[in-house]
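Novice: What follows is work.cif, mmCIF, N, CA and C atoms and all ligand atoms.
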```cif
data_data
loop_
_atom_site.label_atom_id
_atom_site.label_comp_id
_atom_site.auth_asym_id
_atom_site.auth_seq_id
_atom_site.Cartn_x
_atom_site.Cartn_y
_atom_site.Cartn_z
N MET A 197 -3.35 -13.31 11.43
CA MET A 197 -1.89 -13.22 11.40
C MET A 197 -1.46 -12.06 10.50
N THR A 198 -0.42 -11.38 10.92
CA THR A 198 0.16 -10.29 10.14
C THR A 198 1.33 -10.84 9.33
N ARG A 199 1.48 -10.35 8.13
CA ARG A 199 2.64 -10.70 7.31
C ARG A 199 3.71 -9.65 7.51
N GLN A 200 4.95 -10.08 7.56
CA GLN A 200 6.06 -9.17 7.82
C GLN A 200 7.26 -9.57 6.98
N VAL A 201 7.96 -8.57 6.48
CA VAL A 201 9.26 -8.79 5.82
C VAL A 201 10.22 -7.77 6.40
N ARG A 202 11.35 -8.26 6.89
CA ARG A 202 12.37 -7.36 7.43
C ARG A 202 13.47 -7.16 6.39
N CYS A 203 13.75 -5.92 6.10
CA CYS A 203 14.85 -5.58 5.19
C CYS A 203 16.15 -5.55 5.99
N GLU A 204 17.24 -5.83 5.30
CA GLU A 204 18.54 -5.81 5.97
C GLU A 204 18.90 -4.44 6.52
N CYS A 205 18.27 -3.37 6.03
CA CYS A 205 18.59 -2.02 6.47
C CYS A 205 17.87 -1.66 7.77
N GLY A 206 16.94 -2.52 8.21
CA GLY A 206 16.20 -2.22 9.42
C GLY A 206 14.74 -1.91 9.19
N TYR A 207 14.40 -1.64 7.94
CA TYR A 207 12.99 -1.37 7.59
C TYR A 207 12.17 -2.66 7.72
N THR A 208 10.98 -2.55 8.27
CA THR A 208 10.07 -3.69 8.34
C THR A 208 8.76 -3.33 7.66
N ALA A 209 8.38 -4.15 6.70
CA ALA A 209 7.09 -3.99 6.02
C ALA A 209 6.09 -4.94 6.67
N ARG A 210 4.90 -4.43 6.97
CA ARG A 210 3.86 -5.28 7.56
C ARG A 210 2.56 -5.04 6.82
N GLY A 211 1.79 -6.11 6.68
CA GLY A 211 0.49 -5.97 6.03
C GLY A 211 -0.40 -7.14 6.36
N ARG A 212 -1.63 -7.06 5.86
CA ARG A 212 -2.63 -8.08 6.15
C ARG A 212 -2.67 -9.17 5.10
N SER A 213 -1.99 -8.95 4.00
CA SER A 213 -1.99 -9.96 2.93
C SER A 213 -0.59 -10.02 2.32
N ASP A 214 -0.29 -11.16 1.69
CA ASP A 214 1.00 -11.29 1.02
C ASP A 214 1.20 -10.17 0.01
N ASP A 215 0.16 -9.92 -0.80
CA ASP A 215 0.31 -8.92 -1.87
C ASP A 215 0.59 -7.53 -1.31
N GLU A 216 -0.03 -7.22 -0.17
CA GLU A 216 0.18 -5.91 0.44
C GLU A 216 1.63 -5.75 0.88
N VAL A 217 2.17 -6.79 1.52
CA VAL A 217 3.55 -6.71 2.00
C VAL A 217 4.52 -6.69 0.82
N ILE A 218 4.24 -7.48 -0.19
CA ILE A 218 5.12 -7.51 -1.37
C ILE A 218 5.18 -6.13 -2.01
N ALA A 219 4.03 -5.46 -2.13
CA ALA A 219 4.00 -4.13 -2.73
C ALA A 219 4.81 -3.15 -1.90
N LEU A 220 4.70 -3.25 -0.56
CA LEU A 220 5.47 -2.35 0.31
C LEU A 220 6.97 -2.58 0.14
N VAL A 221 7.36 -3.85 0.09
CA VAL A 221 8.78 -4.16 -0.01
C VAL A 221 9.34 -3.70 -1.35
N LEU A 222 8.61 -3.96 -2.42
CA LEU A 222 9.11 -3.56 -3.73
C LEU A 222 9.22 -2.03 -3.82
N ALA A 223 8.28 -1.32 -3.22
CA ALA A 223 8.35 0.14 -3.20
C ALA A 223 9.53 0.61 -2.37
N HIS A 224 9.76 -0.07 -1.24
CA HIS A 224 10.90 0.27 -0.38
C HIS A 224 12.22 0.03 -1.12
N VAL A 225 12.33 -1.09 -1.77
CA VAL A 225 13.57 -1.40 -2.50
C VAL A 225 13.81 -0.37 -3.60
N ALA A 226 12.77 -0.02 -4.30
CA ALA A 226 12.92 0.96 -5.39
C ALA A 226 13.39 2.30 -4.85
N ALA A 227 12.89 2.68 -3.65
CA ALA A 227 13.21 3.99 -3.10
C ALA A 227 14.57 4.00 -2.40
N GLU A 228 14.87 2.93 -1.66
CA GLU A 228 16.04 2.93 -0.78
C GLU A 228 17.21 2.09 -1.30
N HIS A 229 16.91 1.14 -2.14
CA HIS A 229 17.96 0.24 -2.65
C HIS A 229 17.83 0.11 -4.17
N PRO A 230 17.95 1.22 -4.87
CA PRO A 230 17.70 1.18 -6.32
C PRO A 230 18.64 0.24 -7.06
N ASP A 231 19.80 -0.05 -6.47
CA ASP A 231 20.71 -1.00 -7.12
C ASP A 231 20.15 -2.42 -7.12
N LEU A 232 19.22 -2.71 -6.20
CA LEU A 232 18.61 -4.04 -6.12
C LEU A 232 17.27 -4.10 -6.83
N ALA A 233 16.75 -2.95 -7.22
CA ALA A 233 15.35 -2.89 -7.65
C ALA A 233 15.07 -3.79 -8.85
N GLY A 234 16.06 -3.96 -9.72
CA GLY A 234 15.80 -4.79 -10.89
C GLY A 234 15.88 -6.28 -10.64
N SER A 235 16.53 -6.66 -9.52
CA SER A 235 16.81 -8.09 -9.31
C SER A 235 15.86 -8.76 -8.32
N GLU A 236 15.12 -7.97 -7.56
CA GLU A 236 14.20 -8.56 -6.59
C GLU A 236 12.80 -8.58 -7.20
N THR A 237 12.23 -9.76 -7.30
CA THR A 237 10.90 -9.87 -7.89
C THR A 237 9.87 -10.16 -6.80
N ALA A 238 8.62 -10.07 -7.18
CA ALA A 238 7.55 -10.36 -6.23
C ALA A 238 7.69 -11.78 -5.69
N ASP A 239 8.11 -12.73 -6.52
CA ASP A 239 8.27 -14.11 -6.04
C ASP A 239 9.40 -14.22 -5.02
N ASP A 240 10.49 -13.46 -5.23
CA ASP A 240 11.57 -13.44 -4.23
C ASP A 240 11.03 -12.95 -2.90
N VAL A 241 10.32 -11.83 -2.95
CA VAL A 241 9.81 -11.23 -1.72
C VAL A 241 8.85 -12.18 -1.01
N ARG A 242 8.06 -12.89 -1.78
CA ARG A 242 7.09 -13.82 -1.18
C ARG A 242 7.78 -14.84 -0.26
N HIS A 243 8.98 -15.24 -0.63
CA HIS A 243 9.71 -16.23 0.17
C HIS A 243 10.25 -15.66 1.48
N TRP A 244 10.30 -14.34 1.56
CA TRP A 244 10.85 -13.70 2.77
C TRP A 244 9.76 -13.43 3.81
N ILE A 245 8.51 -13.64 3.44
CA ILE A 245 7.41 -13.27 4.35
C ILE A 245 7.40 -14.16 5.58
N GLU A 246 7.31 -13.51 6.73
CA GLU A 246 7.12 -14.20 8.01
C GLU A 246 5.70 -13.93 8.49
N LEU A 247 5.12 -14.91 9.13
CA LEU A 247 3.82 -14.72 9.76
C LEU A 247 4.06 -14.40 11.22
N VAL A 248 3.46 -13.31 11.69
CA VAL A 248 3.59 -12.94 13.09
C VAL A 248 2.20 -12.81 13.70
N PRO A 249 2.06 -13.19 14.95
CA PRO A 249 0.75 -13.09 15.59
C PRO A 249 0.28 -11.65 15.68
N ASP A 250 -1.01 -11.43 15.54
CA ASP A 250 -1.58 -10.09 15.67
C ASP A 250 -1.46 -9.62 17.11
ZN ZN A 301 15.90 -1.61 3.12
#
```
Go ahead and express the file in the form of C-alpha cells.
Ligand SMILES: [Zn+2]
Specialist:
Amino acid sequence: MTRQVRCECGYTARGRSDDEVIALVLAHVAAEHPDLAGSETADDVRHWIELVPD
C-alpha cells in the first residue's frame, strides 16, 4: 500500500512509509505554506495519511 496526503492546494505527497510522507508534507508546508509551518507537526500530518492501493 502507498501512503498519500493531499494538501488543500492540490499537492499530493506519496511514499512507501508514514515517515517518508510526513517528511514530504512538512517540507512542502515549509516551502509553500510558511504561515502554517510552525503549527503543523509530524503527529498532525500522520492523521492525514490515506492508504491507497499500489
Ligand atoms: Zn500545499
Novice: So that I can check the secondary structure, give me every residue of chain A assigned helix (DSSP H, G or I) by backbone DSSP, as JSON, numbers by chain.
Specialist: {"A": [214, 215, 216, 217, 218, 219, 220, 221, 222, 223, 224, 225, 226, 227, 228, 238, 239, 240, 241, 242, 243, 244]}
Novice: For N, CA and C atoms, I'd like the residues from the last selection saved as an mmCIF file, in the frame of the given file.
Specialist:
```
data_model
loop_
_atom_site.group_PDB
_atom_site.id
_atom_site.type_symbol
_atom_site.label_atom_id
_atom_site.label_comp_id
_atom_site.auth_asym_id
_atom_site.auth_seq_id
_atom_site.Cartn_x
_atom_site.Cartn_y
_atom_site.Cartn_z
ATOM 1 N N ASP A 214 -0.290 -11.160 1.690
ATOM 2 C CA ASP A 214 1.000 -11.290 1.020
ATOM 3 C C ASP A 214 1.200 -10.170 0.010
ATOM 4 N N ASP A 215 0.160 -9.920 -0.800
ATOM 5 C CA ASP A 215 0.310 -8.920 -1.870
ATOM 6 C C ASP A 215 0.590 -7.530 -1.310
ATOM 7 N N GLU A 216 -0.030 -7.220 -0.170
ATOM 8 C CA GLU A 216 0.180 -5.910 0.440
ATOM 9 C C GLU A 216 1.630 -5.750 0.880
ATOM 10 N N VAL A 217 2.170 -6.790 1.520
ATOM 11 C CA VAL A 217 3.550 -6.710 2.000
ATOM 12 C C VAL A 217 4.520 -6.690 0.820
ATOM 13 N N ILE A 218 4.240 -7.480 -0.190
ATOM 14 C CA ILE A 218 5.120 -7.510 -1.370
ATOM 15 C C ILE A 218 5.180 -6.130 -2.010
ATOM 16 N N ALA A 219 4.030 -5.460 -2.130
ATOM 17 C CA ALA A 219 4.000 -4.130 -2.730
ATOM 18 C C ALA A 219 4.810 -3.150 -1.900
ATOM 19 N N LEU A 220 4.700 -3.250 -0.560
ATOM 20 C CA LEU A 220 5.470 -2.350 0.310
ATOM 21 C C LEU A 220 6.970 -2.580 0.140
ATOM 22 N N VAL A 221 7.360 -3.850 0.090
ATOM 23 C CA VAL A 221 8.780 -4.160 -0.010
ATOM 24 C C VAL A 221 9.340 -3.700 -1.350
ATOM 25 N N LEU A 222 8.610 -3.960 -2.420
ATOM 26 C CA LEU A 222 9.110 -3.560 -3.730
ATOM 27 C C LEU A 222 9.220 -2.030 -3.820
ATOM 28 N N ALA A 223 8.280 -1.320 -3.220
ATOM 29 C CA ALA A 223 8.350 0.140 -3.200
ATOM 30 C C ALA A 223 9.530 0.610 -2.370
ATOM 31 N N HIS A 224 9.760 -0.070 -1.240
ATOM 32 C CA HIS A 224 10.900 0.270 -0.380
ATOM 33 C C HIS A 224 12.220 0.030 -1.120
ATOM 34 N N VAL A 225 12.330 -1.090 -1.770
ATOM 35 C CA VAL A 225 13.570 -1.400 -2.500
ATOM 36 C C VAL A 225 13.810 -0.370 -3.600
ATOM 37 N N ALA A 226 12.770 -0.020 -4.300
ATOM 38 C CA ALA A 226 12.920 0.960 -5.390
ATOM 39 C C ALA A 226 13.390 2.300 -4.850
ATOM 40 N N ALA A 227 12.890 2.680 -3.650
ATOM 41 C CA ALA A 227 13.210 3.990 -3.100
ATOM 42 C C ALA A 227 14.570 4.000 -2.400
ATOM 43 N N GLU A 228 14.870 2.930 -1.660
ATOM 44 C CA GLU A 228 16.040 2.930 -0.780
ATOM 45 C C GLU A 228 17.210 2.090 -1.300
ATOM 46 N N ALA A 238 8.620 -10.070 -7.180
ATOM 47 C CA ALA A 238 7.550 -10.360 -6.230
ATOM 48 C C ALA A 238 7.690 -11.780 -5.690
ATOM 49 N N ASP A 239 8.110 -12.730 -6.520
ATOM 50 C CA ASP A 239 8.270 -14.110 -6.040
ATOM 51 C C ASP A 239 9.400 -14.220 -5.020
ATOM 52 N N ASP A 240 10.490 -13.460 -5.230
ATOM 53 C CA ASP A 240 11.570 -13.440 -4.230
ATOM 54 C C ASP A 240 11.030 -12.950 -2.900
ATOM 55 N N VAL A 241 10.320 -11.830 -2.950
ATOM 56 C CA VAL A 241 9.810 -11.230 -1.720
ATOM 57 C C VAL A 241 8.850 -12.180 -1.010
ATOM 58 N N ARG A 242 8.060 -12.890 -1.780
ATOM 59 C CA ARG A 242 7.090 -13.820 -1.180
ATOM 60 C C ARG A 242 7.780 -14.840 -0.260
ATOM 61 N N HIS A 243 8.980 -15.240 -0.630
ATOM 62 C CA HIS A 243 9.710 -16.230 0.170
ATOM 63 C C HIS A 243 10.250 -15.660 1.480
ATOM 64 N N TRP A 244 10.300 -14.340 1.560
ATOM 65 C CA TRP A 244 10.850 -13.700 2.770
ATOM 66 C C TRP A 244 9.760 -13.430 3.810
#
```
Novice: Per DSSP on the backbone, filter chain A down to the residues in strand (DSSP E) and report them as an NGL selection string.
Specialist: :A and (198-202 or 208-211 or 246-248)
Novice: At a cut-off of 7 Å, can you tabulate as CSV every residue of chain A near ligand ZN 301 (chain A) together with its closest atom pair and the distance in Å to one decimal, using only C-alpha atoms and all ligand atoms and ordering rows by chain then number?
Specialist:
```
residue,atom,partner,partner_atom,distance
A:Cys203,CA,A:ZN301,ZN,4.6
A:Glu204,CA,A:ZN301,ZN,5.7
A:Cys205,CA,A:ZN301,ZN,4.3
A:Gly206,CA,A:ZN301,ZN,6.3
A:Tyr207,CA,A:ZN301,ZN,5.3
A:His224,CA,A:ZN301,ZN,6.4
A:Val225,CA,A:ZN301,ZN,6.1
A:Glu228,CA,A:ZN301,ZN,6.0
A:His229,CA,A:ZN301,ZN,6.4
```
Novice: Could you save the residues just selected, with N, CA and C atoms, as a PDB file, in the frame of the given file?
Specialist:
```pdb
ATOM      1  N   CYS A 203      13.750  -5.920   6.100  1.00  0.00           N
ATOM      2  CA  CYS A 203      14.850  -5.580   5.190  1.00  0.00           C
ATOM      3  C   CYS A 203      16.150  -5.550   5.990  1.00  0.00           C
ATOM      4  N   GLU A 204      17.240  -5.830   5.300  1.00  0.00           N
ATOM      5  CA  GLU A 204      18.540  -5.810   5.970  1.00  0.00           C
ATOM      6  C   GLU A 204      18.900  -4.440   6.520  1.00  0.00           C
ATOM      7  N   CYS A 205      18.270  -3.370   6.030  1.00  0.00           N
ATOM      8  CA  CYS A 205      18.590  -2.020   6.470  1.00  0.00           C
ATOM      9  C   CYS A 205      17.870  -1.660   7.770  1.00  0.00           C
ATOM     10  N   GLY A 206      16.940  -2.520   8.210  1.00  0.00           N
ATOM     11  CA  GLY A 206      16.200  -2.220   9.420  1.00  0.00           C
ATOM     12  C   GLY A 206      14.740  -1.910   9.190  1.00  0.00           C
ATOM     13  N   TYR A 207      14.400  -1.640   7.940  1.00  0.00           N
ATOM     14  CA  TYR A 207      12.990  -1.370   7.590  1.00  0.00           C
ATOM     15  C   TYR A 207      12.170  -2.660   7.720  1.00  0.00           C
ATOM     16  N   HIS A 224       9.760  -0.070  -1.240  1.00  0.00           N
ATOM     17  CA  HIS A 224      10.900   0.270  -0.380  1.00  0.00           C
ATOM     18  C   HIS A 224      12.220   0.030  -1.120  1.00  0.00           C
ATOM     19  N   VAL A 225      12.330  -1.090  -1.770  1.00  0.00           N
ATOM     20  CA  VAL A 225      13.570  -1.400  -2.500  1.00  0.00           C
ATOM     21  C   VAL A 225      13.810  -0.370  -3.600  1.00  0.00           C
ATOM     22  N   GLU A 228      14.870   2.930  -1.660  1.00  0.00           N
ATOM     23  CA  GLU A 228      16.040   2.930  -0.780  1.00  0.00           C
ATOM     24  C   GLU A 228      17.210   2.090  -1.300  1.00  0.00           C
ATOM     25  N   HIS A 229      16.910   1.140  -2.140  1.00  0.00           N
ATOM     26  CA  HIS A 229      17.960   0.240  -2.650  1.00  0.00           C
ATOM     27  C   HIS A 229      17.830   0.110  -4.170  1.00  0.00           C
TER      28      HIS A 229
END
```
Novice: Just want the 7 Å neighbourhood of Ile245 in chain A, counted on all atoms listed in the file, with same-chain residues fewer than 5 positions away dropped. Output as a list in words.
Specialist: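 Near neighbours after the sequence-gap exclusion: Arg199, Gln200, Val201, Arg202 and Asp240 of chain A.
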Novice: Using only C-alpha atoms, can you tell me which of A:Leu232, A:Met197, A:Ala223, A:Ile218 comes closest to Trp244 in chain A?
Specialist: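 The answer is A:Ile218, which sits nearest to Trp244 in chain A.
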Novice: If I take CA of Glu246 in chain A and CA of Leu222 in chain A, how far is one from the other in Å, to one decimal?
Specialist: 16.0 Å
Novice: How many Å lie between CA of Glu216 in chain A and atom C of Asp231 in chain A, rounded to one decimal?
Specialist: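 About the pair CA of Glu216 in chain A and atom C of Asp231 in chain A: they are 21.6 Å apart.
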Novice: Quick check, in Å to one decimal: how far apart do CA of Glu236 in chain A and CA of Val221 in chain A lie?
Specialist: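 Between these atoms lies a distance of 9.6 Å.
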Novice: So, counting only N, CA and C atoms, which residue among A:Thr208, A:Asp239, A:Ala233, A:Val248 is closest to Leu220 in chain A?
Specialist: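 Among the listed residues, A:Thr208 lies closest to Leu220 in chain A.
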Novice: Can you work out which one of A:Thr198, A:Arg210, A:Asp215, A:Ala227 has the shortest atom-to-atom distance to Arg242 in chain A, counting all atoms listed in the file?
Specialist: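 Under the stated criterion, the closest residue is A:Asp215.
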Novice: Draw an axis-aligned box tight on the listed atoms of range 204-208 of chain A, then pad every side by 4 Å and write out centre and edge lengths in Å to one decimal as AutoDock Vina command-line options.
Specialist:
```
--center_x 13.8 --center_y -3.6 --center_z 7.4 --size_x 18.1 --size_y 12.5 --size_z 12.1
```
